[in-house]
Amino acid sequence: MIATVVLQFELKVKESTLRLEQQLKEEKAARLNAEVLVHAAQRKSEYEMKKLRESLERAEQEIRSQAQNTLIDKLRERLDRAERKLRDLLTTLMEKAENARRPVV
């Protein structure tokens with residue numbers, strides 16, 4: 001009788017351990033995937049900001065030669081809006097990554 005209870009207990013412990021190990025593997029994979037997505041988004045964001053800055057610099061040089069300062073302000077506003085959008089996108093992706101890290105209940 002006691003042996004049966006012990007065996008049942010050991011079986012339950014093994015089942016729980018296997019289930020928890022599988023859950024841990026799944027959560028680690030989800031976390032790694034989320035980190036990859038975040039890093040990709042960061043690289044894309046950095047690349048886009050670099051291109052926007054280069055575009056702004058070219059525009060500023062052109063405007064200086066034409067003495068049209070109003071265009072610089074418009075380009076800066078566009079750059080600011082684009083940077084805000086990219087930051088929002090990065091924030092969203094980071095939140096998704098954080099949500100992916102949370103344990104599955």
# chains A, B, ... in the order shown; residues from 1 in each chain; ligands from 1
>>> residues_around(residues="range 17-34 of chain A", least_positions_apart="2", cutoff="10 Å", atoms="only C-alpha atoms", output="list in words")
Leu11, Lys12, Val13, Lys14, Glu15, Val36, Leu37, Val38, His39, Ala40, Leu93, Met94, Glu95, Lys96, Ala97, Glu98, Asn99, Ala100, Arg101, Arg102, Pro103, Val104 and Val105 of chain A
>>> closest_atom_pairs(of="range 21-60 of chain A", to="range 71-86 of chain A", cutoff="7 Å", atoms="only C-alpha atoms", output="Markdown table")
| residue | atom | partner | partner_atom | distance |
| --- | --- | --- | --- | --- |
| A:Ser45 | CA | A:Leu86 | CA | 5.9 |
| A:Met49 | CA | A:Glu83 | CA | 6.7 |
| A:Leu52 | CA | A:Leu79 | CA | 6.4 |
| A:Leu56 | CA | A:Leu75 | CA | 6.4 |
| A:Glu60 | CA | A:Ile72 | CA | 6.0 |
>>> atom_distance(atom1="CA of Leu89 in chain A", atom2="CA of Glu35 in chain A")
14.6 Å
>>> decode(residues="range 55-67 of chain A", atoms="all heavy atoms", output="mmCIF file, in the first residue's frame")
data_model
loop_
_atom_site.group_PDB
_atom_site.id
_atom_site.type_symbol
_atom_site.label_atom_id
_atom_site.label_comp_id
_atom_site.auth_asym_id
_atom_site.auth_seq_id
_atom_site.Cartn_x
_atom_site.Cartn_y
_atom_site.Cartn_z
ATOM 1 N N SER A 55 19.416 62.548 -44.808
ATOM 2 C CA SER A 55 18.499 63.295 -45.665
ATOM 3 C C SER A 55 18.343 64.724 -45.166
ATOM 4 O O SER A 55 18.342 65.678 -45.957
ATOM 5 C CB SER A 55 17.135 62.592 -45.693
ATOM 6 O OG SER A 55 16.211 63.331 -46.439
ATOM 7 N N LEU A 56 18.233 64.870 -43.871
ATOM 8 C CA LEU A 56 18.116 66.205 -43.289
ATOM 9 C C LEU A 56 19.373 67.030 -43.556
ATOM 10 O O LEU A 56 19.283 68.203 -43.926
ATOM 11 C CB LEU A 56 17.850 66.104 -41.787
ATOM 12 C CG LEU A 56 17.755 67.435 -41.037
ATOM 13 C CD1 LEU A 56 16.602 68.284 -41.572
ATOM 14 C CD2 LEU A 56 17.593 67.185 -39.546
ATOM 15 N N GLU A 57 20.538 66.411 -43.380
ATOM 16 C CA GLU A 57 21.793 67.127 -43.623
ATOM 17 C C GLU A 57 21.892 67.590 -45.072
ATOM 18 O O GLU A 57 22.282 68.733 -45.347
ATOM 19 C CB GLU A 57 22.989 66.245 -43.257
ATOM 20 C CG GLU A 57 23.162 66.052 -41.772
ATOM 21 C CD GLU A 57 24.241 65.035 -41.426
ATOM 22 O OE1 GLU A 57 24.990 64.620 -42.354
ATOM 23 O OE2 GLU A 57 24.319 64.652 -40.251
ATOM 24 N N ARG A 58 21.526 66.701 -46.012
ATOM 25 C CA ARG A 58 21.554 67.092 -47.426
ATOM 26 C C ARG A 58 20.584 68.234 -47.691
ATOM 27 O O ARG A 58 20.907 69.197 -48.398
ATOM 28 C CB ARG A 58 21.219 65.898 -48.322
ATOM 29 C CG ARG A 58 22.328 64.888 -48.434
ATOM 30 C CD ARG A 58 22.046 63.862 -49.525
ATOM 31 N NE ARG A 58 20.789 63.142 -49.337
ATOM 32 C CZ ARG A 58 20.648 62.028 -48.632
ATOM 33 N NH1 ARG A 58 21.703 61.496 -48.016
ATOM 34 N NH2 ARG A 58 19.480 61.434 -48.539
ATOM 35 N N ALA A 59 19.427 68.134 -47.098
ATOM 36 C CA ALA A 59 18.425 69.183 -47.287
ATOM 37 C C ALA A 59 18.893 70.502 -46.691
ATOM 38 O O ALA A 59 18.690 71.564 -47.289
ATOM 39 C CB ALA A 59 17.103 68.761 -46.673
ATOM 40 N N GLU A 60 19.519 70.438 -45.520
ATOM 41 C CA GLU A 60 20.021 71.667 -44.891
ATOM 42 C C GLU A 60 21.087 72.333 -45.758
ATOM 43 O O GLU A 60 21.102 73.566 -45.900
ATOM 44 C CB GLU A 60 20.569 71.370 -43.498
ATOM 45 C CG GLU A 60 19.491 71.128 -42.463
ATOM 46 C CD GLU A 60 20.043 70.748 -41.101
ATOM 47 O OE1 GLU A 60 21.184 70.237 -41.025
ATOM 48 O OE2 GLU A 60 19.320 70.952 -40.115
ATOM 49 N N GLN A 61 21.971 71.535 -46.350
ATOM 50 C CA GLN A 61 22.995 72.107 -47.239
ATOM 51 C C GLN A 61 22.350 72.774 -48.445
ATOM 52 O O GLN A 61 22.743 73.881 -48.845
ATOM 53 C CB GLN A 61 23.969 71.012 -47.691
ATOM 54 C CG GLN A 61 24.859 70.517 -46.583
ATOM 55 C CD GLN A 61 25.663 69.281 -46.992
ATOM 56 O OE1 GLN A 61 25.486 68.751 -48.084
ATOM 57 N NE2 GLN A 61 26.530 68.830 -46.104
ATOM 58 N N GLU A 62 21.380 72.110 -49.014
ATOM 59 C CA GLU A 62 20.687 72.671 -50.173
ATOM 60 C C GLU A 62 19.949 73.947 -49.792
ATOM 61 O O GLU A 62 19.998 74.945 -50.514
ATOM 62 C CB GLU A 62 19.697 71.646 -50.719
ATOM 63 C CG GLU A 62 18.926 72.119 -51.932
ATOM 64 C CD GLU A 62 17.940 71.072 -52.407
ATOM 65 O OE1 GLU A 62 18.250 69.874 -52.349
ATOM 66 O OE2 GLU A 62 16.843 71.484 -52.819
ATOM 67 N N ILE A 63 19.323 73.923 -48.657
ATOM 68 C CA ILE A 63 18.546 75.085 -48.223
ATOM 69 C C ILE A 63 19.444 76.273 -47.911
ATOM 70 O O ILE A 63 19.103 77.414 -48.226
ATOM 71 C CB ILE A 63 17.666 74.715 -47.012
ATOM 72 C CG1 ILE A 63 16.569 73.774 -47.467
ATOM 73 C CG2 ILE A 63 17.083 75.941 -46.347
ATOM 74 C CD1 ILE A 63 15.819 73.116 -46.355
ATOM 75 N N ARG A 64 20.581 75.989 -47.292
ATOM 76 C CA ARG A 64 21.513 77.078 -47.005
ATOM 77 C C ARG A 64 21.894 77.797 -48.287
ATOM 78 O O ARG A 64 21.963 79.023 -48.321
ATOM 79 C CB ARG A 64 22.746 76.542 -46.298
ATOM 80 C CG ARG A 64 22.543 76.329 -44.824
ATOM 81 C CD ARG A 64 23.855 76.034 -44.099
ATOM 82 N NE ARG A 64 23.552 75.285 -42.897
ATOM 83 C CZ ARG A 64 23.746 73.991 -42.743
ATOM 84 N NH1 ARG A 64 24.288 73.273 -43.695
ATOM 85 N NH2 ARG A 64 23.426 73.394 -41.611
ATOM 86 N N SER A 65 22.137 77.009 -49.316
ATOM 87 C CA SER A 65 22.525 77.639 -50.582
ATOM 88 C C SER A 65 21.356 78.405 -51.183
ATOM 89 O O SER A 65 21.543 79.325 -51.941
ATOM 90 C CB SER A 65 23.060 76.595 -51.560
ATOM 91 O OG SER A 65 22.014 75.741 -51.970
ATOM 92 N N GLN A 66 20.152 78.021 -50.865
ATOM 93 C CA GLN A 66 18.971 78.706 -51.400
ATOM 94 C C GLN A 66 18.358 79.672 -50.387
ATOM 95 O O GLN A 66 17.377 80.356 -50.725
ATOM 96 C CB GLN A 66 17.916 77.685 -51.814
ATOM 97 C CG GLN A 66 18.379 76.765 -52.913
ATOM 98 C CD GLN A 66 17.364 75.666 -53.187
ATOM 99 O OE1 GLN A 66 16.298 75.619 -52.598
ATOM 100 N NE2 GLN A 66 17.719 74.783 -54.093
ATOM 101 N N ALA A 67 18.884 79.692 -49.168
ATOM 102 C CA ALA A 67 18.401 80.579 -48.101
ATOM 103 C C ALA A 67 16.911 80.378 -47.824
ATOM 104 O O ALA A 67 16.156 81.322 -47.653
ATOM 105 C CB ALA A 67 18.725 82.035 -48.423
#
